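Taking it in order: structure first as structure tokens, then the write-up.
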Amino acid sequence: MPILITDPRDERLRDFVGLTDVKLRRVLEPAGGLYLAESEKVIRRALAAGHRPRALLMGERWLTDLADVVADAEADGVPVYTGSAEVIEGITGYNLHRGALASMHRPETRPLEEVLRGARRVAVLEDLVDHTNVGAVFRSAAAMGVDAVLVTPRCADPLYRRAIRVSMGTVFQVPWTRIDPWPGGVGLLQEAGYVVAGMTLAEDAVVLDELVEQGHPRLALVFGTEGDGLSRRSSAAVDVRVRIPMMGGVDSLNVAASSAVAFYALR
């Protein structure tokens with residue numbers, strides 16, 4: 001039976017405490033070996049990907065909507081906690097309007113060779129700092145058939161709660177891993193047979209349409225960090241620099257938008 005929680009300070013709920021407290025979450029995830037899946041769709045996608053739950057926390061109505069998940073969790077000895085909206089808000093720090101949270105064991109980081117195996121279209125996220133952008137890129141990658149996503153050592157964590165939520169759980173379906181070192185990893189991609197294209201506003205950049213016409217069978221697209229864009233070292237290392245032609249006096253797009261445009265053009 002689900003465990004009724006009446007005290008937000010219950011020690012058993014440590015995984016879920018203070019979701020709005022950034023410093024606390026950095027202690028628990030990823031250092032604590034967990035990540036948090038929020039909403040029925042995201043939880044189901046995490047489980048479908050083979051990820052293992054540590055604990056579930058949900059409002060009472062979700063015990064019915066997620067009855068099969070609850071039953072499987074309890075059969076495996078995973079605790080399922082429930083409580084009133086007020087108690088849950090006292091635990092998490094915000095109104096859990098999506099109704100359910102799952103504390104999940106973080107999977108082992110996959111080897112680069114495994115993630116690239118058979119991949120034709122690869123996205124590389126260089127030092128993105130906004131988890132919302134990371135999640136949005138993953139969602140576009142899944143929608144447009146990108147085979148893999150690589151994140152550089154300083155890129156925001158794709159398994160942070162906000163990134164997962166914005167991606168609608170697609171971080172679980174698109175193979176990804178960290179590529180390290182960077183930009184030394186450009187050479188690793190080239191050795192693996194990829195043409196590496198950097199998305200940039202550089203004057204010598206070709207327009208995206210030209211890259212599409214070249215029809216490279218294996219292509220890795222590198223997207224630079226918010227604000228500064230592609231780093232100088234990466235720009236110097238890639239095979240080709242690429243820009244999206246702009247109109248209306250707009251000089252560039254947010255990285256989430258530009259990645260969606262590029263993925264669609266190169267699908």
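Labels used: A, B, ... for chains in the order of the structure tokens, numbers from 1 for residues in each chain, and numbers from 1 for ligands as shown.
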Self-check item: Contacts of Leu56 in chain A at 6 Å (only C-alpha atoms; same-chain gap of 6+ positions) as a list in words
Solution: Val80, Tyr81, Leu101 and Ala102 of chain A
File of the preceding selection, all heavy atoms, as an mmCIF file, in the first residue's frame:
```cif
data_model
loop_
_atom_site.group_PDB
_atom_site.id
_atom_site.type_symbol
_atom_site.label_atom_id
_atom_site.label_comp_id
_atom_site.auth_asym_id
_atom_site.auth_seq_id
_atom_site.Cartn_x
_atom_site.Cartn_y
_atom_site.Cartn_z
ATOM 1 N N VAL A 80 6.331 3.932 -2.348
ATOM 2 C CA VAL A 80 5.438 4.869 -3.017
ATOM 3 C C VAL A 80 4.815 5.750 -1.943
ATOM 4 O O VAL A 80 4.104 5.263 -1.060
ATOM 5 C CB VAL A 80 4.338 4.138 -3.810
ATOM 6 C CG1 VAL A 80 3.400 5.151 -4.480
ATOM 7 C CG2 VAL A 80 4.945 3.199 -4.846
ATOM 8 N N TYR A 81 5.088 7.050 -2.005
ATOM 9 C CA TYR A 81 4.600 7.985 -1.001
ATOM 10 C C TYR A 81 3.481 8.843 -1.585
ATOM 11 O O TYR A 81 3.494 9.193 -2.770
ATOM 12 C CB TYR A 81 5.724 8.902 -0.519
ATOM 13 C CG TYR A 81 6.901 8.164 0.073
ATOM 14 C CD1 TYR A 81 8.101 8.033 -0.633
ATOM 15 C CD2 TYR A 81 6.819 7.590 1.333
ATOM 16 C CE1 TYR A 81 9.181 7.353 -0.097
ATOM 17 C CE2 TYR A 81 7.895 6.911 1.881
ATOM 18 C CZ TYR A 81 9.070 6.788 1.162
ATOM 19 O OH TYR A 81 10.133 6.113 1.697
ATOM 20 N N LEU A 101 6.022 12.500 -9.072
ATOM 21 C CA LEU A 101 7.472 12.580 -9.170
ATOM 22 C C LEU A 101 8.053 11.193 -8.952
ATOM 23 O O LEU A 101 7.532 10.413 -8.158
ATOM 24 C CB LEU A 101 8.051 13.511 -8.109
ATOM 25 C CG LEU A 101 7.968 15.020 -8.303
ATOM 26 C CD1 LEU A 101 8.319 15.717 -6.999
ATOM 27 C CD2 LEU A 101 8.914 15.465 -9.413
ATOM 28 N N ALA A 102 9.123 10.917 -9.653
ATOM 29 C CA ALA A 102 9.861 9.671 -9.419
ATOM 30 C C ALA A 102 11.326 10.005 -9.214
ATOM 31 O O ALA A 102 11.922 10.735 -10.019
ATOM 32 C CB ALA A 102 9.698 8.712 -10.584
#
```
Using DSSP secondary structure from the backbone, list all alpha helix (DSSP H) positions within range 1-205 of chain A, as a compact mmCIF listing (two decimals) with N, CA and C atoms, in the first residue's frame.
```txt
# COMPACT_ATOMS: atom_id res chain seq x y z
N VAL A 22 18.35 25.33 -5.50
CA VAL A 22 19.36 24.90 -6.47
C VAL A 22 20.59 24.31 -5.79
N LYS A 23 21.05 24.92 -4.70
CA LYS A 23 22.24 24.42 -4.00
C LYS A 23 22.00 23.01 -3.47
N LEU A 24 20.82 22.77 -2.90
CA LEU A 24 20.50 21.46 -2.38
C LEU A 24 20.45 20.43 -3.49
N ARG A 25 19.83 20.79 -4.61
CA ARG A 25 19.69 19.81 -5.70
C ARG A 25 21.05 19.44 -6.27
N ARG A 26 21.99 20.37 -6.26
CA ARG A 26 23.32 20.05 -6.77
C ARG A 26 24.03 19.03 -5.90
N VAL A 27 23.65 18.98 -4.63
CA VAL A 27 24.21 17.97 -3.73
C VAL A 27 23.60 16.61 -4.04
N LEU A 28 22.29 16.60 -4.32
CA LEU A 28 21.59 15.34 -4.51
C LEU A 28 21.69 14.79 -5.93
N GLU A 40 3.38 12.05 -15.48
CA GLU A 40 3.11 10.67 -15.88
C GLU A 40 3.87 10.30 -17.14
N LYS A 41 3.82 11.16 -18.16
CA LYS A 41 4.48 10.83 -19.43
C LYS A 41 5.97 10.63 -19.26
N VAL A 42 6.61 11.53 -18.52
CA VAL A 42 8.05 11.46 -18.34
C VAL A 42 8.43 10.23 -17.53
N ILE A 43 7.67 9.94 -16.47
CA ILE A 43 7.96 8.75 -15.66
C ILE A 43 7.84 7.49 -16.50
N ARG A 44 6.81 7.41 -17.30
CA ARG A 44 6.62 6.22 -18.14
C ARG A 44 7.74 6.08 -19.16
N ARG A 45 8.21 7.19 -19.71
CA ARG A 45 9.31 7.13 -20.67
C ARG A 45 10.61 6.70 -20.00
N ALA A 46 10.82 7.15 -18.77
CA ALA A 46 12.01 6.75 -18.04
C ALA A 46 12.00 5.24 -17.77
N LEU A 47 10.85 4.75 -17.35
CA LEU A 47 10.73 3.31 -17.08
C LEU A 47 10.86 2.50 -18.36
N ALA A 48 10.28 3.00 -19.45
CA ALA A 48 10.37 2.29 -20.73
C ALA A 48 11.81 2.21 -21.22
N TRP A 62 -3.30 10.43 -8.59
CA TRP A 62 -2.35 9.77 -9.49
C TRP A 62 -2.09 8.34 -9.10
N LEU A 63 -2.50 7.96 -7.91
CA LEU A 63 -2.39 6.54 -7.53
C LEU A 63 -3.25 5.68 -8.45
N THR A 64 -4.34 6.27 -8.96
CA THR A 64 -5.20 5.56 -9.91
C THR A 64 -4.65 5.66 -11.32
N ASP A 65 -4.27 6.87 -11.76
CA ASP A 65 -3.78 7.05 -13.12
C ASP A 65 -2.48 6.28 -13.38
N ALA A 67 -1.65 3.47 -11.65
CA ALA A 67 -1.85 2.26 -10.85
C ALA A 67 -0.89 1.14 -11.25
N ASP A 68 -0.64 0.98 -12.54
CA ASP A 68 0.26 -0.08 -12.98
C ASP A 68 1.70 0.20 -12.56
N VAL A 69 2.10 1.46 -12.63
CA VAL A 69 3.45 1.84 -12.20
C VAL A 69 3.61 1.64 -10.69
N VAL A 70 2.58 2.04 -9.95
CA VAL A 70 2.59 1.86 -8.50
C VAL A 70 2.70 0.39 -8.14
N ALA A 71 1.91 -0.45 -8.82
CA ALA A 71 1.93 -1.89 -8.53
C ALA A 71 3.29 -2.49 -8.81
N ASP A 72 3.89 -2.13 -9.94
CA ASP A 72 5.21 -2.66 -10.29
C ASP A 72 6.26 -2.19 -9.28
N ALA A 73 6.17 -0.92 -8.88
CA ALA A 73 7.14 -0.39 -7.92
C ALA A 73 7.05 -1.12 -6.60
N GLU A 74 5.84 -1.29 -6.10
CA GLU A 74 5.66 -1.96 -4.81
C GLU A 74 6.11 -3.42 -4.89
N ALA A 75 5.87 -4.05 -6.04
CA ALA A 75 6.31 -5.44 -6.20
C ALA A 75 7.83 -5.55 -6.14
N ALA A 85 -1.95 17.93 -1.26
CA ALA A 85 -1.22 18.91 -2.06
C ALA A 85 -0.39 19.83 -1.17
N GLU A 86 -0.92 20.17 0.00
CA GLU A 86 -0.21 21.06 0.91
C GLU A 86 1.05 20.41 1.47
N VAL A 87 0.95 19.13 1.81
CA VAL A 87 2.12 18.42 2.34
C VAL A 87 3.18 18.26 1.27
N ILE A 88 2.75 17.90 0.07
CA ILE A 88 3.71 17.72 -1.02
C ILE A 88 4.41 19.02 -1.36
N GLU A 89 3.66 20.13 -1.36
CA GLU A 89 4.27 21.43 -1.62
C GLU A 89 5.27 21.78 -0.53
N GLY A 90 4.98 21.37 0.70
CA GLY A 90 5.92 21.60 1.79
C GLY A 90 7.21 20.80 1.62
N ILE A 91 7.13 19.67 0.95
CA ILE A 91 8.31 18.84 0.69
C ILE A 91 9.14 19.41 -0.45
N THR A 92 8.47 19.70 -1.56
CA THR A 92 9.17 20.05 -2.80
C THR A 92 9.44 21.53 -2.96
N LEU A 112 31.34 6.63 -25.68
CA LEU A 112 31.14 7.39 -26.91
C LEU A 112 30.95 6.46 -28.11
N GLU A 113 31.78 5.43 -28.17
CA GLU A 113 31.70 4.51 -29.32
C GLU A 113 30.33 3.86 -29.42
N GLU A 114 29.74 3.53 -28.29
CA GLU A 114 28.43 2.89 -28.28
C GLU A 114 27.35 3.86 -28.76
N VAL A 115 27.42 5.09 -28.31
CA VAL A 115 26.41 6.08 -28.70
C VAL A 115 26.49 6.40 -30.19
N LEU A 116 27.71 6.41 -30.73
CA LEU A 116 27.89 6.75 -32.14
C LEU A 116 27.64 5.59 -33.09
N HIS A 131 19.31 24.78 -18.69
CA HIS A 131 18.71 23.44 -18.77
C HIS A 131 17.48 23.42 -19.67
N THR A 132 16.78 24.55 -19.76
CA THR A 132 15.63 24.62 -20.65
C THR A 132 16.06 24.45 -22.10
N ASN A 133 17.15 25.09 -22.49
CA ASN A 133 17.65 24.94 -23.85
C ASN A 133 18.10 23.52 -24.13
N VAL A 134 18.77 22.91 -23.16
CA VAL A 134 19.21 21.52 -23.35
C VAL A 134 18.01 20.61 -23.58
N GLY A 135 16.98 20.76 -22.76
CA GLY A 135 15.79 19.94 -22.93
C GLY A 135 15.12 20.18 -24.26
N ALA A 136 15.05 21.45 -24.70
CA ALA A 136 14.40 21.77 -25.96
C ALA A 136 15.17 21.18 -27.14
N VAL A 137 16.49 21.20 -27.08
CA VAL A 137 17.29 20.61 -28.15
C VAL A 137 17.04 19.10 -28.24
N PHE A 138 16.96 18.44 -27.10
CA PHE A 138 16.69 17.01 -27.11
C PHE A 138 15.32 16.71 -27.72
N ARG A 139 14.34 17.53 -27.39
CA ARG A 139 13.00 17.30 -27.93
C ARG A 139 12.99 17.45 -29.45
N SER A 140 13.67 18.48 -29.96
CA SER A 140 13.77 18.66 -31.41
C SER A 140 14.56 17.53 -32.06
N ALA A 141 15.62 17.10 -31.37
CA ALA A 141 16.43 16.00 -31.91
C ALA A 141 15.59 14.74 -32.07
N ALA A 142 14.79 14.44 -31.06
CA ALA A 142 13.93 13.26 -31.14
C ALA A 142 12.90 13.41 -32.26
N ALA A 143 12.33 14.60 -32.37
CA ALA A 143 11.27 14.83 -33.37
C ALA A 143 11.79 14.79 -34.79
N ARG A 161 16.20 18.03 -13.58
CA ARG A 161 14.74 17.97 -13.65
C ARG A 161 14.15 18.88 -14.73
N ARG A 162 14.61 20.12 -14.81
CA ARG A 162 14.05 21.05 -15.79
C ARG A 162 14.34 20.59 -17.22
N ALA A 163 15.55 20.10 -17.47
CA ALA A 163 15.88 19.63 -18.81
C ALA A 163 15.00 18.44 -19.20
N ILE A 164 14.81 17.53 -18.27
CA ILE A 164 13.96 16.37 -18.54
C ILE A 164 12.54 16.80 -18.83
N ARG A 165 12.02 17.74 -18.02
CA ARG A 165 10.64 18.17 -18.17
C ARG A 165 10.42 18.86 -19.51
N VAL A 166 11.34 19.77 -19.89
CA VAL A 166 11.20 20.48 -21.16
C VAL A 166 11.33 19.52 -22.34
N SER A 167 12.16 18.52 -22.19
CA SER A 167 12.34 17.55 -23.28
C SER A 167 11.16 16.59 -23.41
N GLY A 185 37.59 16.65 -28.84
CA GLY A 185 36.65 15.64 -29.32
C GLY A 185 36.27 15.80 -30.77
N VAL A 186 36.51 16.99 -31.33
CA VAL A 186 36.24 17.17 -32.77
C VAL A 186 37.05 16.16 -33.56
N GLY A 187 38.30 15.96 -33.15
CA GLY A 187 39.15 14.98 -33.83
C GLY A 187 38.61 13.58 -33.72
N LEU A 188 38.05 13.23 -32.56
CA LEU A 188 37.47 11.90 -32.38
C LEU A 188 36.31 11.68 -33.36
N LEU A 189 35.50 12.71 -33.55
CA LEU A 189 34.38 12.61 -34.48
C LEU A 189 34.87 12.49 -35.92
N GLN A 190 35.89 13.25 -36.25
CA GLN A 190 36.44 13.17 -37.60
C GLN A 190 37.04 11.78 -37.87
N GLU A 191 37.73 11.23 -36.89
CA GLU A 191 38.29 9.89 -37.02
C GLU A 191 37.20 8.84 -37.18
```
Self-check item: Shortest interatomic distance to Val149 in chain A - which of A:Gly169, A:Pro175, A:Pro107, A:Gly59, counting only C-alpha atoms
Solution: A:Pro175
Self-check item: Which residue of A:Leu66, A:Ala260, A:Leu159, A:Leu125 approaches Thr109 in chain A most closely, using only C-alpha atoms
Solution: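 Going through A:Leu66, A:Ala260, A:Leu159, A:Leu125 one by one, the smallest distance to Thr109 in chain A is for A:Leu159.
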Practice problem: Can you list, as an MDAnalysis selection string, all residues belonging to range 84-216 of chain A that DSSP tags as strand (DSSP E)? | Solution: chainID A and resid 100:105 121:125 148:151 176:178 195:199 206:207
Could you take the residues named above and write them with N, CA, C and O atoms, as a short mmCIF file (atom, residue, chain, number, x, y, z; two decimals), in the first residue's frame?
```cif
data_model
loop_
_atom_site.label_atom_id
_atom_site.label_comp_id
_atom_site.auth_asym_id
_atom_site.auth_seq_id
_atom_site.Cartn_x
_atom_site.Cartn_y
_atom_site.Cartn_z
N ALA A 100 2.91 13.87 -10.13
CA ALA A 100 3.74 12.73 -9.75
C ALA A 100 5.21 13.02 -9.97
O ALA A 100 5.60 13.68 -10.94
N LEU A 101 6.02 12.50 -9.07
CA LEU A 101 7.47 12.58 -9.17
C LEU A 101 8.05 11.19 -8.95
O LEU A 101 7.53 10.41 -8.16
N ALA A 102 9.12 10.92 -9.65
CA ALA A 102 9.86 9.67 -9.42
C ALA A 102 11.33 10.01 -9.21
O ALA A 102 11.92 10.73 -10.02
N SER A 103 11.87 9.53 -8.14
CA SER A 103 13.31 9.59 -7.92
C SER A 103 13.90 8.35 -8.60
O SER A 103 13.52 7.22 -8.29
N MET A 104 14.83 8.59 -9.54
CA MET A 104 15.36 7.49 -10.35
C MET A 104 16.87 7.34 -10.16
O MET A 104 17.58 8.32 -9.95
N HIS A 105 17.34 6.11 -10.24
CA HIS A 105 18.78 5.86 -10.26
C HIS A 105 19.34 6.38 -11.59
O HIS A 105 18.81 6.07 -12.65
N ARG A 121 23.31 11.23 -37.98
CA ARG A 121 23.17 12.64 -37.61
C ARG A 121 23.40 12.78 -36.10
O ARG A 121 22.71 12.16 -35.30
N VAL A 122 24.37 13.62 -35.74
CA VAL A 122 24.75 13.79 -34.34
C VAL A 122 24.73 15.27 -33.99
O VAL A 122 25.17 16.11 -34.79
N ALA A 123 24.22 15.61 -32.83
CA ALA A 123 24.26 16.98 -32.34
C ALA A 123 25.25 17.06 -31.19
O ALA A 123 25.29 16.17 -30.33
N VAL A 124 26.05 18.10 -31.18
CA VAL A 124 27.00 18.35 -30.09
C VAL A 124 26.62 19.66 -29.42
O VAL A 124 26.52 20.70 -30.09
N LEU A 125 26.40 19.62 -28.10
CA LEU A 125 26.03 20.82 -27.35
C LEU A 125 27.25 21.30 -26.58
O LEU A 125 27.70 20.65 -25.63
N ALA A 148 21.89 10.87 -32.24
CA ALA A 148 22.62 10.92 -30.97
C ALA A 148 22.90 12.37 -30.60
O ALA A 148 23.00 13.23 -31.48
N VAL A 149 23.05 12.62 -29.31
CA VAL A 149 23.43 13.93 -28.81
C VAL A 149 24.66 13.76 -27.92
O VAL A 149 24.70 12.87 -27.07
N LEU A 150 25.64 14.62 -28.13
CA LEU A 150 26.84 14.63 -27.30
C LEU A 150 26.90 15.96 -26.56
O LEU A 150 26.61 17.01 -27.15
N VAL A 151 27.24 15.92 -25.30
CA VAL A 151 27.36 17.15 -24.51
C VAL A 151 28.79 17.28 -24.01
O VAL A 151 29.42 16.30 -23.60
N TRP A 176 22.70 9.51 -25.74
CA TRP A 176 23.58 10.64 -25.51
C TRP A 176 24.68 10.25 -24.53
O TRP A 176 24.58 9.29 -23.79
N THR A 177 25.73 11.04 -24.57
CA THR A 177 26.82 10.89 -23.61
C THR A 177 27.65 12.16 -23.62
O THR A 177 27.41 13.06 -24.43
N ARG A 178 28.62 12.24 -22.73
CA ARG A 178 29.53 13.38 -22.72
C ARG A 178 30.74 13.08 -23.59
O ARG A 178 31.24 11.95 -23.59
N VAL A 195 31.75 14.42 -40.83
CA VAL A 195 32.03 15.81 -41.16
C VAL A 195 31.47 16.63 -40.01
O VAL A 195 30.30 16.49 -39.65
N VAL A 196 32.31 17.45 -39.42
CA VAL A 196 31.90 18.23 -38.24
C VAL A 196 31.60 19.66 -38.67
O VAL A 196 32.47 20.36 -39.19
N ALA A 197 30.35 20.06 -38.46
CA ALA A 197 29.91 21.39 -38.87
C ALA A 197 29.56 22.22 -37.64
O ALA A 197 28.79 21.77 -36.78
N GLY A 198 30.12 23.41 -37.57
CA GLY A 198 29.85 24.29 -36.44
C GLY A 198 28.85 25.37 -36.82
O GLY A 198 29.05 26.07 -37.82
N MET A 199 27.79 25.50 -36.05
CA MET A 199 26.78 26.53 -36.30
C MET A 199 27.30 27.85 -35.73
O MET A 199 27.57 27.96 -34.52
N VAL A 206 29.16 28.95 -44.52
CA VAL A 206 28.26 28.68 -45.63
C VAL A 206 26.83 28.66 -45.10
O VAL A 206 26.60 28.42 -43.90
N VAL A 207 25.86 28.91 -45.96
CA VAL A 207 24.48 28.87 -45.50
C VAL A 207 24.04 27.42 -45.34
O VAL A 207 24.57 26.51 -46.00
#
```
Quiz item: Between A:Val78, A:Ser234, A:Asp147, A:Ala205, which one has atoms that come closest to Trp182 in chain A, using only C-alpha atoms?
Solution: A:Ser234
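Between Glu210 in chain A and the candidates A:Ala156, A:Leu36, A:Val240, A:Leu19, the tightest atom-to-atom separation, counting only C-alpha atoms, involves A:Val240.
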Quiz prompt | Long-range neighbours of Val261 in chain A as a list in words, 12 Å cut-off, only C-alpha atoms, 2 positions minimum in chain | solution =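 Returned residues: Val137, Ser140, Ala141, Ala143, Met144, Met199, Leu208, Asp209, Val212, Leu221, Arg243, Ile244, Pro245, Met246, Ser252, Leu253, Asn254, Val255, Ala256, Ala257, Ser258, Ser259, Phe263, Tyr264, Ala265, Leu266 and Arg267 of chain A.
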Practice problem: Name the closest residue to Leu4 in chain A among the candidates A:Glu60, A:Glu203, A:Asp180, A:Glu213; distances are taken between atoms, counting only C-alpha atoms. | Solution: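 For Leu4 in chain A, the nearest of the given residues is A:Glu60.
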Self-check item: Best match for closeness to Tyr35 in chain A among A:Asp127, A:Asp15, A:Asp7, A:Asp239, counting only C-alpha atoms
Solution: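 Distance minimum relative to Tyr35 in chain A lands on A:Asp15.
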